[in-house]
>>> print(open('coords_27.cif').read())   # mmCIF, C-alpha atoms
data_my_file
loop_
_atom_site.group_PDB
_atom_site.id
_atom_site.type_symbol
_atom_site.label_atom_id
_atom_site.label_comp_id
_atom_site.auth_asym_id
_atom_site.auth_seq_id
_atom_site.Cartn_x
_atom_site.Cartn_y
_atom_site.Cartn_z
ATOM 1 C CA MET A 2 0.000 0.000 0.000
ATOM 2 C CA LYS A 3 2.916 2.342 0.695
ATOM 3 C CA LYS A 4 4.042 1.973 -2.918
ATOM 4 C CA ILE A 5 0.624 3.018 -4.174
ATOM 5 C CA PHE A 6 0.548 6.002 -1.817
ATOM 6 C CA TYR A 7 4.023 7.242 -2.855
ATOM 7 C CA PHE A 8 3.259 6.763 -6.520
ATOM 8 C CA PHE A 9 0.045 8.775 -6.445
ATOM 9 C CA ALA A 10 1.697 11.496 -4.364
ATOM 10 C CA VAL A 11 4.363 11.968 -7.032
ATOM 11 C CA PHE A 12 1.734 11.795 -9.793
ATOM 12 C CA CYS A 13 -0.412 14.516 -8.182
ATOM 13 C CA LEU A 14 2.642 16.728 -7.719
ATOM 14 C CA LEU A 15 3.616 16.451 -11.376
ATOM 15 C CA THR A 16 0.097 17.098 -12.689
ATOM 16 C CA SER A 17 -0.215 20.061 -10.328
ATOM 17 C CA CYS A 18 2.970 21.605 -11.796
ATOM 18 C CA VAL A 19 1.645 21.169 -15.335
ATOM 19 C CA SER A 20 -1.689 22.700 -14.339
ATOM 20 C CA LYS A 21 -0.051 25.748 -12.713
ATOM 21 C CA LYS A 22 2.143 26.287 -15.767
ATOM 22 C CA ASN A 23 -0.906 26.099 -18.024
ATOM 23 C CA GLN A 24 -2.808 28.627 -15.883
ATOM 24 C CA ALA A 25 0.100 31.066 -16.058
ATOM 25 C CA ILE A 26 0.172 30.748 -19.841
ATOM 26 C CA LYS A 27 -3.588 31.404 -20.058
ATOM 27 C CA GLN A 28 -3.182 34.597 -18.041
ATOM 28 C CA ASN A 29 -0.410 35.849 -20.316
ATOM 29 C CA ILE A 30 -2.437 35.216 -23.466
ATOM 30 C CA LEU A 31 -4.867 37.962 -22.510
ATOM 31 C CA THR A 32 -2.209 40.534 -23.454
ATOM 32 C CA LEU A 33 -2.216 39.194 -27.045
ATOM 33 C CA LYS A 34 -5.919 39.662 -27.813
ATOM 34 C CA ASP A 35 -5.408 43.153 -29.277
ATOM 35 C CA SER A 36 -2.463 44.122 -31.467
ATOM 36 C CA TYR A 37 -0.046 46.579 -29.917
ATOM 37 C CA CYS A 38 1.819 46.842 -33.242
ATOM 38 C CA LYS A 39 -0.673 48.712 -35.417
ATOM 39 C CA ALA A 40 -0.073 52.329 -36.409
ATOM 40 C CA PRO A 41 -2.246 54.961 -34.685
ATOM 41 C CA PHE A 42 -3.789 56.031 -38.003
ATOM 42 C CA GLN A 43 -4.384 54.811 -41.552
ATOM 43 C CA TYR A 44 -2.560 56.177 -44.565
ATOM 44 C CA ASN A 45 -4.720 58.066 -47.045
ATOM 45 C CA TYR A 46 -4.504 58.402 -50.820
ATOM 46 C CA GLU A 47 -5.623 61.968 -51.234
ATOM 47 C CA GLU A 48 -2.344 62.783 -52.969
ATOM 48 C CA LYS A 49 -1.703 61.587 -56.501
ATOM 49 C CA LEU A 50 -0.502 57.989 -56.647
ATOM 50 C CA PRO A 51 2.675 57.143 -58.579
ATOM 51 C CA SER A 52 1.982 56.080 -62.143
ATOM 52 C CA TYR A 53 2.396 52.372 -62.927
ATOM 53 C CA ASN A 54 3.075 53.124 -66.594
ATOM 54 C CA SER A 55 6.821 52.786 -66.149
ATOM 55 C CA ASP A 56 7.622 52.550 -69.870
ATOM 56 C CA SER A 57 5.938 55.898 -70.532
ATOM 57 C CA ILE A 58 7.780 57.512 -67.608
ATOM 58 C CA LEU A 59 11.141 56.254 -68.819
ATOM 59 C CA SER A 60 10.372 57.282 -72.391
ATOM 60 C CA ALA A 61 9.421 60.798 -71.258
ATOM 61 C CA ASN A 62 12.703 61.154 -69.363
ATOM 62 C CA LYS A 63 15.210 59.827 -71.884
ATOM 63 C CA SER A 64 17.455 62.805 -71.191
ATOM 64 C CA LEU A 65 18.102 61.457 -67.680
ATOM 65 C CA LYS A 66 19.032 57.936 -68.746
ATOM 66 C CA GLY A 67 22.691 58.749 -69.194
ATOM 67 C CA THR A 68 22.849 60.102 -65.659
ATOM 68 C CA LEU A 69 20.368 57.982 -63.705
ATOM 69 C CA SER A 70 19.368 54.323 -63.793
ATOM 70 C CA ASP A 71 15.822 53.354 -64.767
ATOM 71 C CA GLN A 72 14.984 52.472 -61.173
ATOM 72 C CA SER A 73 16.300 55.823 -59.921
ATOM 73 C CA ILE A 74 14.147 57.669 -62.472
ATOM 74 C CA LEU A 75 11.055 55.728 -61.375
ATOM 75 C CA ILE A 76 11.742 56.363 -57.691
ATOM 76 C CA LEU A 77 12.243 60.084 -58.288
ATOM 77 C CA ASN A 78 8.989 60.139 -60.236
ATOM 78 C CA ALA A 79 7.199 58.376 -57.357
ATOM 79 C CA LEU A 80 8.637 60.907 -54.901
ATOM 80 C CA GLY A 81 7.745 63.806 -57.177
ATOM 81 C CA ASN A 82 11.336 65.036 -57.624
ATOM 82 C CA LEU A 83 12.008 64.689 -61.359
ATOM 83 C CA ASP A 84 11.603 68.425 -61.936
ATOM 84 C CA GLU A 85 14.266 69.192 -59.325
ATOM 85 C CA VAL A 86 16.706 66.788 -60.990
ATOM 86 C CA GLU A 87 16.158 68.333 -64.428
ATOM 87 C CA GLU A 88 16.717 71.798 -62.967
ATOM 88 C CA ILE A 89 19.925 70.651 -61.276
ATOM 89 C CA ILE A 90 21.254 69.365 -64.606
ATOM 90 C CA LYS A 91 20.587 72.770 -66.184
ATOM 91 C CA LEU A 92 22.166 74.667 -63.268
ATOM 92 C CA LYS A 93 25.304 72.508 -63.431
ATOM 93 C CA LYS A 94 26.199 74.361 -66.624
ATOM 94 C CA ASP A 95 26.280 77.617 -64.624
ATOM 95 C CA SER A 96 29.359 78.014 -62.399
ATOM 96 C CA SER A 97 28.081 81.068 -60.533
ATOM 97 C CA LEU A 98 27.674 81.037 -56.744
ATOM 98 C CA ALA A 99 23.928 81.636 -57.055
ATOM 99 C CA ALA A 100 23.585 78.552 -59.258
ATOM 100 C CA GLN A 101 25.575 76.431 -56.792
ATOM 101 C CA VAL A 102 23.388 77.591 -53.910
ATOM 102 C CA LYS A 103 20.272 76.782 -55.913
ATOM 103 C CA VAL A 104 21.608 73.290 -56.630
ATOM 104 C CA LEU A 105 22.101 72.691 -52.903
ATOM 105 C CA GLN A 106 18.560 73.884 -52.206
ATOM 106 C CA LEU A 107 17.129 71.543 -54.824
ATOM 107 C CA LYS A 108 19.173 68.645 -53.497
ATOM 108 C CA GLY A 109 17.816 69.435 -50.019
ATOM 109 C CA LYS A 110 14.252 69.108 -51.328
ATOM 110 C CA ILE A 111 15.080 65.759 -52.893
ATOM 111 C CA ASN A 112 16.821 64.529 -49.734
ATOM 112 C CA SER A 113 13.803 65.556 -47.657
ATOM 113 C CA LYS A 114 11.508 63.323 -49.738
ATOM 114 C CA ILE A 115 14.018 60.472 -49.589
ATOM 115 C CA THR A 116 14.249 60.799 -45.810
ATOM 116 C CA ILE A 117 10.463 60.519 -45.513
ATOM 117 C CA ALA A 118 10.520 57.427 -47.751
ATOM 118 C CA LEU A 119 13.240 55.821 -45.609
ATOM 119 C CA THR A 120 11.256 56.595 -42.471
ATOM 120 C CA GLU A 121 8.189 54.961 -44.014
ATOM 121 C CA LEU A 122 10.261 51.884 -44.850
ATOM 122 C CA ASP A 123 11.488 51.663 -41.261
ATOM 123 C CA ALA A 124 7.943 52.077 -39.919
ATOM 124 C CA VAL A 125 6.502 49.311 -42.119
ATOM 125 C CA ALA A 126 9.420 46.956 -41.409
ATOM 126 C CA ALA A 127 9.032 47.650 -37.684
ATOM 127 C CA GLU A 128 5.331 46.733 -37.803
ATOM 128 C CA PHE A 129 6.094 43.478 -39.621
ATOM 129 C CA ASP A 130 8.779 42.746 -37.017
ATOM 130 C CA CYS A 131 6.437 43.562 -34.124
ATOM 131 C CA GLU A 132 3.610 41.445 -35.557
ATOM 132 C CA GLY A 133 6.053 38.594 -36.127
ATOM 133 C CA GLU A 134 7.105 38.711 -32.472
ATOM 134 C CA ARG A 135 3.461 38.871 -31.379
ATOM 135 C CA VAL A 136 2.569 35.794 -33.413
ATOM 136 C CA ALA A 137 5.694 34.000 -32.149
ATOM 137 C CA GLN A 138 4.496 34.618 -28.579
ATOM 138 C CA ILE A 139 1.094 33.111 -29.201
ATOM 139 C CA GLY A 140 2.716 30.282 -31.155
ATOM 140 C CA SER A 141 4.822 29.468 -28.099
ATOM 141 C CA TYR A 142 1.623 29.516 -26.056
ATOM 142 C CA VAL A 143 -0.023 26.904 -28.290
ATOM 143 C CA ASP A 144 3.160 24.817 -28.308
ATOM 144 C CA ASN A 145 3.086 24.887 -24.502
ATOM 145 C CA LEU A 146 -0.569 23.850 -24.501
ATOM 146 C CA ASN A 147 0.245 20.878 -26.717
ATOM 147 C CA SER A 148 3.291 20.013 -24.626
ATOM 148 C CA SER A 149 1.295 20.221 -21.372
ATOM 149 C CA ARG A 150 -1.428 18.010 -22.810
ATOM 150 C CA ASN A 151 1.083 15.416 -23.979
ATOM 151 C CA ASN A 152 2.877 15.474 -20.624
ATOM 152 C CA LYS A 153 -0.395 14.788 -18.840
ATOM 153 C CA LEU A 154 -1.235 11.894 -21.158
ATOM 154 C CA ILE A 155 2.231 10.421 -20.703
ATOM 155 C CA LEU A 156 1.841 10.668 -16.926
ATOM 156 C CA TYR A 157 -1.582 9.013 -17.158
ATOM 157 C CA SER A 158 -0.089 6.258 -19.267
ATOM 158 C CA ILE A 159 2.711 5.678 -16.747
ATOM 159 C CA ALA A 160 0.201 5.788 -13.882
ATOM 160 C CA ALA A 161 -2.061 3.256 -15.569
ATOM 161 C CA GLY A 162 0.825 0.890 -16.215
ATOM 162 C CA ALA A 163 2.252 1.256 -12.708
ATOM 163 C CA ALA A 164 -1.150 0.867 -11.044
ATOM 164 C CA ALA A 165 -1.842 -2.256 -13.074
ATOM 165 C CA SER A 166 1.552 -3.672 -12.149
ATOM 166 C CA ILE A 167 1.080 -2.988 -8.452
ATOM 167 C CA ALA A 168 -2.503 -4.279 -8.451
ATOM 168 C CA GLY A 169 -1.428 -7.378 -10.344
ATOM 169 C CA GLY A 170 1.172 -8.072 -7.676
ATOM 170 C CA ILE A 171 -1.382 -7.680 -4.902
ATOM 171 C CA VAL A 172 -4.131 -9.810 -6.494
ATOM 172 C CA LYS A 173 -3.289 -13.486 -6.068
ATOM 173 C CA ASP A 174 -5.911 -14.889 -8.422
ATOM 174 C CA GLY A 175 -4.211 -15.684 -11.739
ATOM 175 C CA GLY A 176 -7.200 -14.849 -13.895
ATOM 176 C CA TRP A 177 -7.813 -11.507 -12.274
ATOM 177 C CA SER A 178 -4.100 -10.704 -12.321
ATOM 178 C CA ASN A 179 -3.903 -11.334 -16.058
ATOM 179 C CA ALA A 180 -7.040 -9.273 -16.657
ATOM 180 C CA ILE A 181 -5.589 -6.365 -14.668
ATOM 181 C CA ASP A 182 -2.312 -6.544 -16.607
ATOM 182 C CA ILE A 183 -4.115 -6.577 -19.959
ATOM 183 C CA GLY A 184 -6.509 -3.805 -18.962
ATOM 184 C CA GLY A 185 -3.706 -1.656 -17.597
ATOM 185 C CA GLY A 186 -1.633 -2.190 -20.732
ATOM 186 C CA ALA A 187 -4.562 -1.278 -22.981
ATOM 187 C CA LEU A 188 -5.317 1.847 -20.951
ATOM 188 C CA GLY A 189 -1.674 2.923 -21.018
ATOM 189 C CA ALA A 190 -1.508 2.327 -24.775
ATOM 190 C CA GLY A 191 -4.674 4.392 -25.207
ATOM 191 C CA PHE A 192 -3.132 7.334 -23.388
ATOM 192 C CA GLY A 193 0.001 6.926 -25.462
ATOM 193 C CA LEU A 194 -1.897 6.943 -28.743
ATOM 194 C CA ALA A 195 -3.792 10.039 -27.616
ATOM 195 C CA THR A 196 -0.494 11.972 -27.657
ATOM 196 C CA LEU A 197 -0.272 11.375 -31.416
ATOM 197 C CA ASN A 198 -2.385 14.395 -32.345
ATOM 198 C CA PRO A 199 -0.707 15.911 -35.427
ATOM 199 C CA LYS A 200 -2.730 19.141 -35.365
ATOM 200 C CA GLY A 201 -2.807 19.825 -31.649
ATOM 201 C CA LYS A 202 -4.711 22.510 -29.758
ATOM 202 C CA LYS A 203 -6.334 25.623 -31.240
ATOM 203 C CA VAL A 204 -6.405 29.177 -29.933
ATOM 204 C CA GLU A 205 -8.446 32.196 -30.991
ATOM 205 C CA PHE A 206 -6.249 34.922 -32.447
ATOM 206 C CA ILE A 207 -7.853 38.103 -33.817
ATOM 207 C CA HIS A 208 -6.233 40.601 -36.213
ATOM 208 C CA GLN A 209 -8.663 43.075 -37.780
ATOM 209 C CA ARG A 210 -5.710 44.948 -39.309
ATOM 210 C CA ASN A 211 -4.084 42.253 -41.397
ATOM 211 C CA LEU A 212 -1.056 43.299 -43.435
ATOM 212 C CA LEU A 213 -0.713 39.837 -44.962
ATOM 213 C CA ARG A 214 -4.268 40.009 -46.331
ATOM 214 C CA ASP A 215 -3.370 43.181 -48.268
ATOM 215 C CA ILE A 216 -0.301 41.444 -49.671
ATOM 216 C CA TRP A 217 -2.274 38.330 -50.671
ATOM 217 C CA HIS A 218 -5.100 40.196 -52.443
ATOM 218 C CA GLU A 219 -2.704 42.797 -53.971
ATOM 219 C CA LYS A 220 -5.093 45.611 -54.775
ATOM 220 C CA LEU A 221 -4.087 48.802 -56.569
ATOM 221 C CA GLU A 222 -3.796 50.564 -53.228
ATOM 222 C CA SER A 223 -3.819 49.663 -49.549
ATOM 223 C CA PRO A 224 -4.806 51.954 -46.660
ATOM 224 C CA ASN A 225 -2.460 50.014 -44.386
ATOM 225 C CA PHE A 226 0.692 51.014 -46.289
ATOM 226 C CA PRO A 227 2.211 54.342 -47.350
ATOM 227 C CA PRO A 228 1.592 54.900 -51.083
ATOM 228 C CA PHE A 229 5.315 54.991 -51.894
ATOM 229 C CA ILE A 230 5.977 51.650 -50.161
ATOM 230 C CA TRP A 231 2.979 50.028 -51.840
ATOM 231 C CA TYR A 232 4.245 51.300 -55.195
ATOM 232 C CA MET A 233 7.663 49.759 -54.558
ATOM 233 C CA TYR A 234 5.989 46.464 -53.635
ATOM 234 C CA THR A 235 3.830 46.310 -56.749
ATOM 235 C CA GLU A 236 5.972 47.811 -59.552
ATOM 236 C CA LYS A 237 7.700 45.030 -61.513
ATOM 237 C CA LYS A 238 10.713 47.218 -62.343
ATOM 238 C CA PHE A 239 11.915 46.946 -58.739
ATOM 239 C CA SER A 240 12.222 43.164 -58.720
ATOM 240 C CA ASN A 241 15.365 41.321 -59.751
ATOM 241 C CA LYS A 242 14.067 39.952 -63.075
ATOM 242 C CA GLU A 243 11.437 42.689 -63.647
ATOM 243 C CA THR A 244 8.852 40.040 -64.596
ATOM 244 C CA HIS A 245 7.052 39.854 -61.230
ATOM 245 C CA SER A 246 6.675 42.477 -58.542
ATOM 246 C CA ILE A 247 8.040 41.958 -55.027
ATOM 247 C CA ILE A 248 4.560 41.002 -53.829
ATOM 248 C CA GLN A 249 3.878 38.626 -56.734
ATOM 249 C CA SER A 250 7.148 36.788 -56.106
ATOM 250 C CA MET A 251 6.369 36.584 -52.396
ATOM 251 C CA LYS A 252 2.889 35.191 -53.039
ATOM 252 C CA GLN A 253 4.306 32.495 -55.317
ATOM 253 C CA ARG A 254 6.706 31.393 -52.574
ATOM 254 C CA TRP A 255 3.941 31.359 -49.962
ATOM 255 C CA LEU A 256 1.666 29.311 -52.195
ATOM 256 C CA HIS A 257 4.419 26.767 -52.810
ATOM 257 C CA TYR A 258 6.026 26.478 -49.376
ATOM 258 C CA GLN A 259 3.216 27.359 -46.942
ATOM 259 C CA PHE A 260 0.228 25.890 -48.814
ATOM 260 C CA ASP A 261 1.736 23.141 -51.002
ATOM 261 C CA ASP A 262 0.484 24.879 -54.174
ATOM 262 C CA ASN A 263 -3.147 24.584 -53.024
ATOM 263 C CA GLN A 264 -4.748 27.871 -54.111
ATOM 264 C CA ASN A 265 -8.139 27.102 -52.510
ATOM 265 C CA GLU A 266 -6.545 26.271 -49.175
ATOM 266 C CA ALA A 267 -4.536 29.490 -49.297
ATOM 267 C CA ASP A 268 -7.536 31.661 -50.155
ATOM 268 C CA ALA A 269 -9.541 30.143 -47.294
ATOM 269 C CA SER A 270 -6.709 30.314 -44.769
ATOM 270 C CA VAL A 271 -7.302 32.043 -41.443
ATOM 271 C CA ILE A 272 -3.972 33.806 -42.039
ATOM 272 C CA PHE A 273 -5.570 36.144 -44.592
ATOM 273 C CA SER A 274 -8.779 36.759 -42.641
ATOM 274 C CA ASN A 275 -9.708 38.953 -39.659
ATOM 275 C CA GLY A 276 -8.512 36.133 -37.442
ATOM 276 C CA GLY A 277 -10.040 33.048 -35.895
ATOM 277 C CA PHE A 278 -8.887 29.744 -34.470
ATOM 278 C CA TYR A 279 -5.232 29.000 -35.124
ATOM 279 C CA ARG A 280 -3.276 25.814 -34.688
ATOM 280 C CA ALA A 281 0.441 25.866 -33.985
ATOM 281 C CA ASP A 282 1.407 25.221 -37.632
ATOM 282 C CA ASP A 283 -0.742 28.140 -38.837
ATOM 283 C CA LEU A 284 0.840 30.450 -36.267
ATOM 284 C CA HIS A 285 4.355 29.416 -37.227
ATOM 285 C CA ASN A 286 3.498 29.937 -40.909
ATOM 286 C CA ARG A 287 2.096 33.394 -40.164
ATOM 287 C CA ALA A 288 5.203 34.354 -38.202
ATOM 288 C CA ALA A 289 7.443 33.171 -41.052
ATOM 289 C CA MET A 290 5.424 35.136 -43.640
ATOM 290 C CA LEU A 291 5.583 38.325 -41.565
ATOM 291 C CA ASN A 292 9.344 37.943 -41.207
ATOM 292 C CA GLN A 293 9.694 37.391 -44.953
ATOM 293 C CA MET A 294 7.774 40.601 -45.654
ATOM 294 C CA GLN A 295 9.967 42.448 -43.178
ATOM 295 C CA SER A 296 13.048 41.294 -45.102
ATOM 296 C CA ALA A 297 11.466 42.179 -48.460
ATOM 297 C CA THR A 298 10.651 45.664 -47.151
ATOM 298 C CA ARG A 299 14.207 46.250 -46.002
ATOM 299 C CA THR A 300 15.596 45.241 -49.409
ATOM 300 C CA ILE A 301 13.936 48.374 -50.863
ATOM 301 C CA ASN A 302 16.680 50.288 -49.055
ATOM 302 C CA GLN A 303 19.045 48.940 -51.719
ATOM 303 C CA ASN A 304 17.073 50.718 -54.454
ATOM 304 C CA ILE A 305 17.177 53.982 -52.521
ATOM 305 C CA ASN A 306 20.890 53.513 -51.866
ATOM 306 C CA TYR A 307 21.518 53.242 -55.623
ATOM 307 C CA LEU A 308 19.441 56.400 -56.095
ATOM 308 C CA LEU A 309 21.593 58.289 -53.582
ATOM 309 C CA LEU A 310 24.745 57.164 -55.395
ATOM 310 C CA ASP A 311 23.280 58.382 -58.698
ATOM 311 C CA LEU A 312 22.418 61.747 -57.148
ATOM 312 C CA ASP A 313 25.919 62.126 -55.713
ATOM 313 C CA LYS A 314 27.375 61.628 -59.191
ATOM 314 C CA LEU A 315 24.912 64.202 -60.514
ATOM 315 C CA ILE A 316 25.956 66.840 -57.967
ATOM 316 C CA LEU A 317 29.714 66.303 -58.307
#
>>> encode(input="coords_27.cif", output="structure tokens")
Amino acid sequence: MKKIFYFFAVFCLLTSCVSKKNQAIKQNILTLKDSYCKAPFQYNYEEKLPSYNSDSILSANKSLKGTLSDQSILILNALGNLDEVEEIIKLKKDSSLAAQVKVLQLKGKINSKITIALTELDAVAAEFDCEGERVAQIGSYVDNLNSSRNNKLILYSIAAGAAASIAGGIVKDGGWSNAIDIGGGALGAGFGLATLNPKGKKVEFIHQRNLLRDIWHEKLESPNFPPFIWYMYTEKKFSNKETHSIIQSMKQRWLHYQFDDNQNEADASVIFSNGGFYRADDLHNRAAMLNQMQSATRTINQNINYLLLDLDKLIL
């Protein structure tokens, strides 16, 4: 009897620890119901959007092609600074002090727009980063739920086997002893099989502001992104091969790697909705997609860096 008492004392202690850990996790999850990453306001499109007719823009500015790359011309057009560049080129032919001062003033106007664009890039990348961390937190929560559940089932399985073994040793009748052993083994196996749940627990995760939804549906404009950033995402000229935009390339990778090329599954995914019940795999996929968009956003800095180099050559 002492063996049974000690065994159940240890069992209760272990299950109590798991329960307390689970309660602590449930309390922490309350802080993840509302996003603390979203911007305090939405971007508006009252100003004129950059033109997507890149061939016409480049054709209309052939005079700049010897000085600036195609991407630099398109960025300057999106920022509204092509007139300043053309004026600088004209003023460079004048060596007077007044002309030099005017050039510096015009360059200051261009740099001001570039600074705003860089700030917008940082803001968008920061929101992707913040959302990624938020999803990672809730993903860890679901992983802990699944781990706690499995630990309990394993403990139950061990308890069932140990209880059957002890009871079988106490019961002297051979028939009853065999029945207890078989029953205990079957019960332990049942608990063991119950741990083989490939999908695991679900948790409700709400995100009314969903940046990934805007990326997936790829509309002409998005109120959740600054117009300049959205233009850089969706203009094919800013991708490596210039055949697909940054967003189109990203969507192709998501469809292949996250959804196994199943378009219907992707379109119906909770990831692109206002939120709902997530399993651990969905949360990990969402976190990965947010991190990928953060990286893609930061690569736009390379385009602006090339623009700055072109402008330096223009001023010298």
>>> closest_residue(input="coords_27.cif", among="A:Leu284, A:Met233, A:Cys131, A:Ala297", to="Lys202 (chain A)", atoms="all atoms listed in the file")
A:Leu284
>>> atom_distance(input="coords_27.cif", atom1="CA of Lys314 (chain A)", atom2="CA of Lys238 (chain A)")
22.3 Å
>>> resolve_selection(input="coords_27.cif", expression="the PyMOL selection byres ((chain A and resi 272) around 12)", output="PyMOL selection string")
chain A and resi 136+206-217+255+259-260+266-271+273-280+282-291
>>> resolve_selection(input="coords_27.cif", expression="the PyMOL selection byres ((chain A and resi 84-101) around 10)", output="list of chain:residue names")
A:Asn62, A:Ser64, A:Leu65, A:Thr68, A:Leu69, A:Ile74, A:Leu77, A:Asn78, A:Gly81, A:Asn82, A:Leu83, A:Val102, A:Lys103, A:Val104, A:Leu105, A:Gln106, A:Leu107, A:Lys108, A:Gly109, A:Lys110, A:Ile111, A:Leu312, A:Leu315, A:Ile316, A:Leu317
>>> residues_near_point(input="coords_27.cif", point="(11.5, 50.3, -68.3)", cutoff="12 Å", atoms="only C-alpha atoms", output="count of residues only")
26
>>> atom_distance(input="coords_27.cif", atom1="CA of Ile247 (chain A)", atom2="CA of Tyr234 (chain A)")
5.1 Å
>>> atom_distance(input="coords_27.cif", atom1="CA of Glu121 (chain A)", atom2="CA of Ala137 (chain A)")
24.2 Å
>>> residues_near_point(input="coords_27.cif", point="(-1.4, 48.4, -54.0)", cutoff="7 Å", atoms="all atoms listed in the file", output="ChimeraX atom specification")
/A:219-223,231-232,235
>>> closest_residue(input="coords_27.cif", among="A:Gln253, A:Asn306, A:Lys39, A:Ile230", to="Thr120 (chain A)", atoms="only C-alpha atoms")
A:Ile230
